[in-house]
file run.tsv (TSV, C-alpha atoms)
chain	number	residue	atom	x	y	z
A	1	MET	CA	65.70	106.57	116.46
A	2	SER	CA	68.26	105.23	118.92
A	3	ASP	CA	70.59	102.35	118.18
A	4	THR	CA	69.98	98.89	119.54
A	5	GLU	CA	73.09	97.26	120.95
A	6	ILE	CA	73.55	93.81	119.45
A	7	THR	CA	76.07	90.98	119.37
A	8	PHE	CA	76.66	88.25	116.83
A	9	SER	CA	79.25	85.52	116.47
A	10	SER	CA	81.93	85.01	113.85
A	11	GLY	CA	84.06	81.97	114.52
A	12	ASP	CA	85.35	82.26	118.09
A	13	VAL	CA	84.67	86.00	118.29
A	14	THR	CA	81.64	87.81	119.68
A	15	LEU	CA	81.28	91.03	117.71
A	16	HIS	CA	79.47	94.03	119.23
A	17	GLY	CA	77.51	96.47	117.13
A	18	SER	CA	74.62	98.90	116.65
A	19	LEU	CA	71.45	98.06	114.75
A	20	ARG	CA	68.98	100.66	113.55
A	21	VAL	CA	65.64	99.68	112.01
A	22	PRO	CA	63.19	102.50	111.16
A	23	VAL	CA	59.85	101.74	112.78
A	24	SER	CA	57.70	104.31	110.96
A	25	MET	CA	57.98	102.55	107.58
A	26	ARG	CA	55.34	100.13	106.29
A	27	GLY	CA	56.55	96.59	105.83
A	28	PRO	CA	60.12	95.32	105.81
A	29	VAL	CA	62.73	97.94	104.91
A	30	PRO	CA	65.95	97.74	102.88
A	31	ALA	CA	69.07	97.50	105.01
A	32	VAL	CA	72.75	98.41	104.75
A	33	LEU	CA	75.78	96.78	106.32
A	34	LEU	CA	78.38	99.47	107.05
A	35	LEU	CA	82.05	98.45	106.97
A	36	ALA	CA	84.80	100.52	108.59
A	37	GLY	CA	88.24	101.33	107.26
A	38	SER	CA	91.61	99.95	108.28
A	39	GLY	CA	93.25	99.66	111.68
A	40	PRO	CA	91.40	99.84	115.02
A	41	THR	CA	88.44	101.71	113.52
A	42	ASP	CA	85.21	101.07	115.39
A	43	ARG	CA	81.52	100.96	114.48
A	44	ASN	CA	81.29	104.77	114.42
A	45	GLY	CA	84.38	105.28	112.26
A	46	ASP	CA	86.49	106.42	115.22
A	47	SER	CA	90.08	105.20	115.46
A	48	ALA	CA	92.00	104.30	118.60
A	49	LEU	CA	95.06	105.78	116.85
A	50	LEU	CA	93.58	109.28	116.62
A	51	PRO	CA	92.69	111.55	119.55
A	52	GLY	CA	89.11	112.53	118.97
A	53	SER	CA	85.83	111.67	117.31
A	54	ILE	CA	85.55	111.07	113.56
A	55	GLY	CA	82.06	109.59	113.28
A	56	THR	CA	81.98	108.66	109.59
A	57	LEU	CA	79.92	105.47	109.97
A	58	ARG	CA	77.61	107.04	112.52
A	59	HIS	CA	76.91	109.80	109.99
A	60	LEU	CA	76.15	107.20	107.32
A	61	ALA	CA	73.71	105.48	109.69
A	62	ASP	CA	71.95	108.83	110.27
A	63	VAL	CA	71.60	109.43	106.52
A	64	LEU	CA	70.32	105.90	105.96
A	65	GLU	CA	67.73	106.28	108.68
A	66	ARG	CA	66.41	109.50	107.11
A	67	LYS	CA	66.05	107.64	103.82
A	68	GLY	CA	64.19	104.70	105.34
A	69	PHE	CA	67.04	102.18	105.42
A	70	ALA	CA	67.96	99.98	108.36
A	71	SER	CA	71.67	99.72	109.13
A	72	LEU	CA	74.15	97.61	111.03
A	73	ARG	CA	77.60	98.80	112.00
A	74	TYR	CA	79.90	96.92	114.33
A	75	ASP	CA	83.22	96.92	116.15
A	76	LYS	CA	85.38	94.62	114.08
A	77	LEU	CA	88.03	92.48	115.75
A	78	GLY	CA	90.65	94.76	117.29
A	79	SER	CA	88.35	97.73	117.80
A	80	GLY	CA	85.80	99.13	120.23
A	81	VAL	CA	83.95	96.86	122.62
A	82	THR	CA	84.83	93.77	120.59
A	83	ALA	CA	88.57	94.41	121.15
A	84	LEU	CA	90.61	91.23	120.63
A	85	GLY	CA	87.82	88.95	121.77
A	86	PRO	CA	89.24	85.60	122.92
A	87	TYR	CA	92.68	86.32	121.47
A	88	SER	CA	95.85	87.64	123.02
A	89	VAL	CA	98.22	90.07	121.33
A	90	GLU	CA	100.49	87.10	120.57
A	91	ASP	CA	97.65	85.41	118.66
A	92	VAL	CA	97.32	88.27	116.19
A	93	ALA	CA	100.08	86.95	113.91
A	94	ASP	CA	97.96	83.87	113.17
A	95	LEU	CA	94.93	85.90	112.08
A	96	GLY	CA	94.74	86.78	108.41
A	97	PHE	CA	92.68	89.35	106.55
A	98	SER	CA	90.10	86.63	105.88
A	99	THR	CA	89.08	87.02	109.54
A	100	PHE	CA	87.61	90.44	108.70
A	101	ILE	CA	85.87	89.18	105.56
A	102	ASP	CA	84.34	86.33	107.55
A	103	GLY	CA	83.18	88.78	110.20
A	104	ALA	CA	81.49	90.93	107.56
A	105	ALA	CA	79.80	87.90	106.00
A	106	ASP	CA	78.40	86.89	109.39
A	107	ALA	CA	77.28	90.49	110.00
A	108	LEU	CA	75.38	90.50	106.70
A	109	ALA	CA	73.65	87.23	107.56
A	110	PHE	CA	72.73	88.63	110.98
A	111	LEU	CA	71.32	91.81	109.43
A	112	GLY	CA	69.21	89.86	106.96
A	113	SER	CA	67.64	87.85	109.76
A	114	GLN	CA	66.42	90.85	111.76
A	115	ARG	CA	62.75	91.64	112.21
A	116	GLY	CA	61.65	94.51	110.00
A	117	VAL	CA	64.48	94.01	107.49
A	118	ASP	CA	63.82	92.91	103.93
A	119	PRO	CA	66.37	90.11	103.24
A	120	GLU	CA	65.90	90.66	99.49
A	121	ARG	CA	67.22	94.23	99.76
A	122	LEU	CA	70.53	93.98	101.58
A	123	TYR	CA	73.26	96.44	100.60
A	124	VAL	CA	76.89	96.73	101.67
A	125	VAL	CA	78.61	100.10	102.02
A	126	GLY	CA	82.33	100.07	102.79
A	127	HIS	CA	84.59	103.00	103.61
A	128	SER	CA	88.28	102.88	102.62
A	129	GLU	CA	89.53	99.34	103.35
A	130	GLY	CA	85.92	98.42	104.09
A	131	ALA	CA	85.22	98.83	100.37
A	132	LEU	CA	87.67	96.02	99.61
A	133	ILE	CA	85.78	93.79	102.04
A	134	ALA	CA	82.52	94.82	100.37
A	135	LEU	CA	83.90	93.81	96.97
A	136	SER	CA	85.05	90.50	98.42
A	137	LEU	CA	81.59	89.81	99.85
A	138	ALA	CA	79.98	90.52	96.49
A	139	GLN	CA	81.77	87.65	94.74
A	140	ASP	CA	79.06	85.11	93.80
A	141	ASN	CA	76.82	86.37	96.62
A	142	ASP	CA	73.19	86.59	95.54
A	143	SER	CA	72.10	88.09	98.87
A	144	ILE	CA	73.75	91.47	98.13
A	145	ALA	CA	71.51	93.89	96.24
A	146	GLY	CA	74.07	96.69	95.80
A	147	LEU	CA	77.44	98.13	96.82
A	148	GLY	CA	78.68	101.51	98.04
A	149	LEU	CA	82.45	102.00	97.78
A	150	LEU	CA	83.38	105.21	99.62
A	151	GLU	CA	86.93	106.59	99.28
A	152	PRO	CA	87.79	102.98	98.43
A	153	LEU	CA	91.06	101.09	98.45
A	154	ALA	CA	91.28	100.85	94.67
A	155	VAL	CA	94.70	99.25	94.10
A	156	ARG	CA	96.51	96.37	95.77
A	157	LEU	CA	97.40	97.24	99.35
A	158	LEU	CA	101.19	97.02	99.03
A	159	ASP	CA	101.15	99.11	95.85
A	160	LEU	CA	99.27	101.81	97.74
A	161	LEU	CA	101.57	101.56	100.75
A	162	THR	CA	104.62	101.84	98.50
A	163	ALA	CA	103.22	104.92	96.76
A	164	GLN	CA	102.39	106.57	100.09
A	165	ILE	CA	105.83	105.91	101.59
A	166	ASP	CA	107.57	107.08	98.41
A	167	ALA	CA	105.63	110.34	98.54
A	168	GLN	CA	106.49	110.83	102.22
A	169	LEU	CA	110.18	110.23	101.52
A	170	ASP	CA	110.12	112.68	98.63
A	171	ALA	CA	108.58	115.31	100.89
A	172	VAL	CA	111.07	114.98	103.75
A	173	VAL	CA	114.03	114.89	101.36
A	174	ALA	CA	112.77	118.04	99.60
A	175	ALA	CA	112.39	119.73	102.99
A	176	GLY	CA	115.98	118.88	103.90
A	177	GLN	CA	114.85	116.68	106.78
A	178	LEU	CA	116.34	113.41	105.48
A	179	PRO	CA	119.48	112.72	103.43
A	180	VAL	CA	118.88	111.26	99.96
A	181	GLN	CA	121.05	108.26	100.81
A	182	ILE	CA	118.89	107.31	103.80
A	183	ALA	CA	115.72	107.72	101.74
A	184	ASP	CA	117.15	105.44	99.04
A	185	GLU	CA	118.06	102.83	101.65
A	186	LEU	CA	114.49	102.91	102.97
A	187	ARG	CA	113.12	102.46	99.46
A	188	VAL	CA	115.36	99.43	98.89
A	189	ALA	CA	114.24	97.93	102.21
A	190	LEU	CA	110.61	98.60	101.32
A	191	THR	CA	110.98	96.88	97.95
A	192	GLY	CA	112.47	93.85	99.70
A	193	ALA	CA	109.65	93.78	102.25
A	194	VAL	CA	107.00	93.84	99.51
A	195	GLU	CA	108.78	91.07	97.60
A	196	SER	CA	108.97	88.96	100.75
A	197	LEU	CA	105.30	89.42	101.56
A	198	ARG	CA	104.26	88.51	98.03
A	199	ALA	CA	106.61	85.54	97.81
A	200	ASP	CA	105.94	83.75	101.09
A	201	GLY	CA	103.90	86.04	103.35
A	202	THR	CA	106.73	86.87	105.75
A	203	LEU	CA	108.48	89.99	107.00
A	204	SER	CA	111.90	90.46	108.55
A	205	ASP	CA	111.96	91.74	112.13
A	206	THR	CA	115.01	93.88	111.29
A	207	LEU	CA	113.38	96.36	108.90
A	208	PRO	CA	114.26	100.03	109.50
A	209	GLU	CA	112.19	101.72	112.18
A	210	PRO	CA	110.22	104.00	109.79
A	211	LEU	CA	108.94	100.92	107.94
A	212	ARG	CA	108.08	99.13	111.17
A	213	ASN	CA	106.17	102.24	112.26
A	214	ALA	CA	104.19	101.96	109.02
A	215	GLY	CA	102.96	98.51	110.12
A	216	LEU	CA	105.53	96.36	108.34
A	217	VAL	CA	106.16	94.05	111.28
A	218	PRO	CA	106.06	90.23	111.44
A	219	THR	CA	102.83	90.15	113.47
A	220	ASN	CA	101.03	91.90	110.59
A	221	ALA	CA	102.61	89.81	107.82
A	222	LYS	CA	99.81	87.28	107.28
A	223	ALA	CA	97.07	89.90	107.20
A	224	LEU	CA	99.09	92.18	104.90
A	225	ALA	CA	99.86	89.36	102.47
A	226	GLU	CA	96.25	88.15	102.37
A	227	GLU	CA	94.88	91.66	101.86
A	228	ASP	CA	97.44	92.47	99.17
A	229	ALA	CA	96.45	89.32	97.27
A	230	LEU	CA	93.00	90.86	96.76
A	231	ASP	CA	93.16	93.11	93.70
A	232	PRO	CA	90.17	95.51	93.88
A	233	ARG	CA	89.97	95.85	90.10
A	234	MET	CA	89.89	92.10	89.55
A	235	LEU	CA	87.18	91.76	92.19
A	236	ALA	CA	85.25	94.63	90.62
A	237	ALA	CA	85.35	92.98	87.19
A	238	GLN	CA	83.60	89.94	88.68
A	239	VAL	CA	80.73	91.83	90.33
A	240	ALA	CA	77.34	90.89	88.88
A	241	GLY	CA	76.34	93.17	86.02
A	242	ASP	CA	72.87	93.99	87.33
A	243	LEU	CA	74.20	95.28	90.67
A	244	PRO	CA	73.85	99.00	91.48
A	245	VAL	CA	77.26	100.29	92.59
A	246	LEU	CA	78.33	103.68	93.93
A	247	THR	CA	81.94	104.86	93.96
A	248	ALA	CA	82.75	108.10	95.76
A	249	VAL	CA	86.13	109.82	95.94
A	250	SER	CA	87.41	113.35	96.50
A	251	SER	CA	90.39	115.20	95.08
A	252	LYS	CA	91.13	116.28	98.67
A	253	ASP	CA	91.64	112.69	99.84
A	254	ILE	CA	95.29	112.18	100.83
A	255	GLN	CA	94.94	108.40	101.08
A	256	VAL	CA	93.13	107.51	97.86
A	257	ARG	CA	93.85	108.86	94.38
A	258	VAL	CA	91.01	109.84	92.06
A	259	GLU	CA	92.76	108.23	89.09
A	260	ASP	CA	92.87	104.90	90.93
A	261	VAL	CA	89.13	105.04	91.58
A	262	ASP	CA	88.60	105.99	87.94
A	263	ALA	CA	90.39	102.77	87.02
A	264	LEU	CA	88.17	100.89	89.47
A	265	ASP	CA	85.18	102.42	87.70
A	266	ALA	CA	86.50	101.07	84.41
A	267	ALA	CA	86.39	97.58	85.93
A	268	LEU	CA	82.82	98.24	87.12
A	269	VAL	CA	81.54	99.63	83.83
A	270	HIS	CA	79.37	96.55	83.29
A	271	THR	CA	77.40	97.26	86.49
A	272	ARG	CA	74.74	99.89	87.21
A	273	LEU	CA	77.48	102.30	88.20
A	274	THR	CA	77.11	105.75	89.79
A	275	SER	CA	80.34	107.74	90.14
A	276	LEU	CA	80.46	110.55	92.69
A	277	ARG	CA	83.46	112.88	92.42
A	278	MET	CA	84.05	115.56	95.04
A	279	THR	CA	86.37	118.53	95.56
A	280	ARG	CA	85.89	119.68	99.18
A	281	THR	CA	85.73	116.36	101.04
A	282	ASN	CA	88.49	114.64	103.01
A	283	HIS	CA	89.03	110.91	103.45
A	284	VAL	CA	86.57	110.62	106.34
A	285	LEU	CA	83.86	112.52	104.42
A	286	LYS	CA	84.16	115.85	106.25
A	287	ASP	CA	84.00	119.18	104.42
A	288	ILE	CA	87.37	120.95	104.49
A	289	GLY	CA	86.51	123.60	101.91
A	290	ASP	CA	89.50	125.05	100.10
A	291	GLN	CA	92.02	123.77	102.66
A	292	GLN	CA	94.36	120.86	102.04
A	293	SER	CA	93.89	117.77	104.17
A	294	THR	CA	96.68	116.90	106.60
A	295	GLY	CA	95.04	114.10	108.54
A	296	ALA	CA	94.55	116.33	111.56
A	297	ASP	CA	91.26	117.42	109.97
A	298	TYR	CA	89.88	113.88	110.46
A	299	VAL	CA	89.16	114.60	114.12
A	300	ALA	CA	88.47	118.32	113.71
A	301	ASP	CA	85.02	119.67	114.55
A	302	LEU	CA	83.95	119.98	110.92
A	303	PRO	CA	80.60	119.28	109.25
A	304	PHE	CA	80.18	116.23	107.10
A	305	SER	CA	80.35	117.02	103.42
A	306	ASP	CA	77.17	118.21	101.74
A	307	GLU	CA	78.56	117.21	98.36
A	308	PHE	CA	78.96	113.66	99.63
A	309	THR	CA	75.71	113.49	101.58
A	310	SER	CA	73.57	114.86	98.75
A	311	GLY	CA	75.16	112.45	96.25
A	312	PHE	CA	74.76	109.51	98.63
A	313	GLU	CA	71.12	110.40	99.28
A	314	ALA	CA	70.44	110.60	95.54
A	315	TRP	CA	71.88	107.10	95.11
A	316	LEU	CA	69.75	105.80	97.97
A	317	ASP	CA	66.67	107.33	96.36
A	318	LYS	CA	67.42	105.39	93.17
A	319	LEU	CA	67.75	102.17	95.19
A	320	ARG	CA	64.34	102.66	96.73
A	321	GLY	CA	62.86	103.50	93.31
call {"tool": "encode", "arguments": {"input": "run.tsv", "output": "structure tokens"}}
result
Amino acid sequence: MSDTEITFSSGDVTLHGSLRVPVSMRGPVPAVLLLAGSGPTDRNGDSALLPGSIGTLRHLADVLERKGFASLRYDKLGSGVTALGPYSVEDVADLGFSTFIDGAADALAFLGSQRGVDPERLYVVGHSEGALIALSLAQDNDSIAGLGLLEPLAVRLLDLLTAQIDAQLDAVVAAGQLPVQIADELRVALTGAVESLRADGTLSDTLPEPLRNAGLVPTNAKALAEEDALDPRMLAAQVAGDLPVLTAVSSKDIQVRVEDVDALDAALVHTRLTSLRMTRTNHVLKDIGDQQSTGADYVADLPFSDEFTSGFEAWLDKLRG
């Protein structure tokens, strides 16, 4: 079935997306809101920062359709057709992470109102940062029947960013590409930036270039501080106990650590939890076999992971009963 192009409003923004509702099923069908990862990632899971197609969310929509689920995926603010909407680049500094949570909430309400969709069986599946938004939506929200958290952000954002930058600095120092003194100076500057964001939500405009290139710039400060204030494990602990939840993570993911998702599972132990652990799958759910992920494989012409798809389909089968 082809997608139907749709628009819906969230505040001052008109968001553009793709709706799929299986027509061969009898009666209203369950439906899934698909939430993309960080940065300018569009409704299909493609990023404006990477040269090529990724297609993670489009693949999820295909799987959902085969299993009799409707789906909605959309270009969040800053991506795809939606772009910046009514805002200018200068306005971005005033927009916090709550803008994306609000957009997702409005998307869920839109999905539940569509003809052929069962509003009593609405699920939210988030990939990477989208999983944090899914957890946020699930707080005291009776309209959500279940959650899928795929390669999820499982620790506070700035803790993850610090760990990633530390690992990168270790690697370039070990390769002889950066003096230890410079690496130590960057670590000190990073610690100060994190402290500033957590204290008052601000960032200096004089941070070293490598940190600015990692997104630590004043225009991102409000969004970074708001997102970092959301602790995935605390949110997970408050999810309703009768909710079916899927977590999926791979040992080949270079952005998310399995042990962090294990800790997220511990906070979700009171729910109807399904844990999917994989060994051949990269962050964007493609099969990379025995190779190590470098990030370049995100846009490579690789098949989507069978170990993910089969596990995801099994979870969907349980949802349908």
call {"tool": "closest_residue", "arguments": {"input": "run.tsv", "among": "A:Thr219, A:Asp260, A:Ile133, A:Ile182", "to": "Val89 of chain A", "atoms": "only C-alpha atoms"}}
result
A:Thr219
call {"tool": "residues_around", "arguments": {"input": "run.tsv", "residues": "Asp265 of chain A", "least_positions_apart": "6", "cutoff": "12 Å", "atoms": "all atoms listed in the file", "output": "MDAnalysis selection string"}}
result
chainID A and resid 149 152 154:155 232:237 239 245:249 258:259 271:277
call {"tool": "atom_distance", "arguments": {"input": "run.tsv", "atom1": "atom CA of Leu72 of chain A", "atom2": "atom CA of Phe110 of chain A"}}
result
9.1 Å
call {"tool": "atom_distance", "arguments": {"input": "run.tsv", "atom1": "atom CA of Thr206 of chain A", "atom2": "atom CA of Tyr87 of chain A"}}
result
25.7 Å
call {"tool": "atom_distance", "arguments": {"input": "run.tsv", "atom1": "atom CA of Val21 of chain A", "atom2": "atom CA of Ala70 of chain A"}}
result
4.3 Å
call {"tool": "closest_residue", "arguments": {"input": "run.tsv", "among": "A:Thr309, A:Ser71, A:Thr191, A:Ser2", "to": "Leu111 of chain A", "atoms": "only C-alpha atoms"}}
result
A:Ser71
call {"tool": "residues_around", "arguments": {"input": "run.tsv", "residues": "segment 97-108 of chain A", "least_positions_apart": "3", "cutoff": "7 Å", "atoms": "all atoms listed in the file", "output": "ChimeraX atom specification"}}
result
/A:10,33,111-112,133,137,223,226-227
call {"tool": "closest_residue", "arguments": {"input": "run.tsv", "among": "A:Ser88, A:Gln114, A:Ala314, A:Lys76", "to": "Leu19 of chain A", "atoms": "only C-alpha atoms"}}
result
A:Gln114
call {"tool": "closest_residue", "arguments": {"input": "run.tsv", "among": "A:Val125, A:Leu95, A:Leu84, A:Glu5", "to": "Leu34 of chain A", "atoms": "all atoms listed in the file"}}
result
A:Val125
call {"tool": "residues_around", "arguments": {"input": "run.tsv", "residues": "Lys252 of chain A", "least_positions_apart": "5", "cutoff": "7 Å", "atoms": "only C-alpha atoms", "output": "PDB file with C-alpha atoms, in the frame of the given file"}}
result
ATOM      1  CA  THR A 279      86.370 118.530  95.560  1.00  0.00           C
ATOM      2  CA  ARG A 280      85.890 119.680  99.180  1.00  0.00           C
ATOM      3  CA  THR A 281      85.730 116.360 101.040  1.00  0.00           C
ATOM      4  CA  ASN A 282      88.490 114.640 103.010  1.00  0.00           C
ATOM      5  CA  GLN A 292      94.360 120.860 102.040  1.00  0.00           C
ATOM      6  CA  SER A 293      93.890 117.770 104.170  1.00  0.00           C
TER       7      SER A 293
END
call {"tool": "closest_residue", "arguments": {"input": "run.tsv", "among": "A:Leu285, A:Val172, A:Leu264, A:Ile54", "to": "Gly311 of chain A", "atoms": "all atoms listed in the file"}}
result
A:Leu285
call {"tool": "residues_around", "arguments": {"input": "run.tsv", "residues": "Leu60 of chain A", "least_positions_apart": "6", "cutoff": "12 Å", "atoms": "all atoms listed in the file", "output": "PyMOL selection string"}}
result
chain A and resi 20+32-36+43-45+54+66-67+69-73+124-127+148+150+284-286+304-305+308-310+312-313+316
call {"tool": "closest_residue", "arguments": {"input": "run.tsv", "among": "A:Pro218, A:Gly116, A:Pro210, A:Gly85", "to": "Ser196 of chain A", "atoms": "only C-alpha atoms"}}
result
A:Pro218
call {"tool": "residues_around", "arguments": {"input": "run.tsv", "residues": "Arg156 of chain A", "least_positions_apart": "6", "cutoff": "7 Å", "atoms": "all atoms listed in the file", "output": "ChimeraX atom specification"}}
result
/A:228,230-232
call {"tool": "residues_near_point", "arguments": {"input": "run.tsv", "point": "(111.2, 108.4, 97.7)", "cutoff": "12 Å", "atoms": "only C-alpha atoms", "output": "ChimeraX atom specification"}}
result
/A:162-174,178-191
call {"tool": "build_atoms", "arguments": {"input": "run.tsv", "residues": "segment 111-134 of chain A", "atoms": "N, CA and C atoms", "output": "short mmCIF file (atom, residue, chain, number, x, y, z; two decimals), in the coordinates of the input"}}
result
data_model
loop_
_atom_site.label_atom_id
_atom_site.label_comp_id
_atom_site.auth_asym_id
_atom_site.auth_seq_id
_atom_site.Cartn_x
_atom_site.Cartn_y
_atom_site.Cartn_z
N LEU A 111 72.19 90.70 109.83
CA LEU A 111 71.32 91.81 109.43
C LEU A 111 70.11 91.31 108.67
N GLY A 112 70.31 90.38 107.75
CA GLY A 112 69.21 89.86 106.96
C GLY A 112 68.18 89.09 107.75
N SER A 113 68.55 88.64 108.95
CA SER A 113 67.64 87.85 109.76
C SER A 113 66.82 88.70 110.75
N GLN A 114 67.06 90.01 110.75
CA GLN A 114 66.42 90.85 111.76
C GLN A 114 64.98 91.21 111.39
N ARG A 115 64.15 91.27 112.39
CA ARG A 115 62.75 91.64 112.21
C ARG A 115 62.66 93.05 111.63
N GLY A 116 61.83 93.21 110.63
CA GLY A 116 61.65 94.51 110.00
C GLY A 116 62.58 94.78 108.85
N VAL A 117 63.52 93.86 108.59
CA VAL A 117 64.48 94.01 107.49
C VAL A 117 64.07 93.12 106.33
N ASP A 118 64.12 93.68 105.13
CA ASP A 118 63.82 92.91 103.93
C ASP A 118 65.08 92.17 103.47
N PRO A 119 65.16 90.85 103.60
CA PRO A 119 66.37 90.11 103.24
C PRO A 119 66.66 90.12 101.75
N GLU A 120 65.69 90.57 100.94
CA GLU A 120 65.90 90.66 99.49
C GLU A 120 66.52 91.98 99.09
N ARG A 121 66.66 92.90 100.06
CA ARG A 121 67.22 94.23 99.76
C ARG A 121 68.32 94.56 100.78
N LEU A 122 69.38 93.77 100.70
CA LEU A 122 70.53 93.98 101.58
C LEU A 122 71.67 94.62 100.77
N TYR A 123 72.19 95.72 101.27
CA TYR A 123 73.26 96.44 100.60
C TYR A 123 74.49 96.49 101.51
N VAL A 124 75.65 96.63 100.90
CA VAL A 124 76.89 96.73 101.67
C VAL A 124 77.59 98.01 101.27
N VAL A 125 77.90 98.84 102.25
CA VAL A 125 78.61 100.10 102.02
C VAL A 125 79.90 100.07 102.83
N GLY A 126 81.03 100.12 102.13
CA GLY A 126 82.33 100.07 102.79
C GLY A 126 83.10 101.35 102.60
N HIS A 127 83.75 101.79 103.66
CA HIS A 127 84.59 103.00 103.61
C HIS A 127 86.05 102.59 103.61
N SER A 128 86.83 103.11 102.68
CA SER A 128 88.28 102.88 102.62
C SER A 128 88.56 101.38 102.47
N GLU A 129 89.27 100.78 103.41
CA GLU A 129 89.53 99.34 103.35
C GLU A 129 88.23 98.55 103.40
N GLY A 130 87.21 99.09 104.04
CA GLY A 130 85.92 98.42 104.09
C GLY A 130 85.33 98.18 102.72
N ALA A 131 85.70 99.03 101.74
CA ALA A 131 85.22 98.83 100.37
C ALA A 131 85.82 97.58 99.75
N LEU A 132 87.06 97.26 100.10
CA LEU A 132 87.67 96.02 99.61
C LEU A 132 86.93 94.81 100.17
N ILE A 133 86.56 94.88 101.44
CA ILE A 133 85.78 93.79 102.04
C ILE A 133 84.42 93.68 101.36
N ALA A 134 83.81 94.84 101.06
CA ALA A 134 82.52 94.82 100.37
C ALA A 134 82.63 94.13 99.01
#
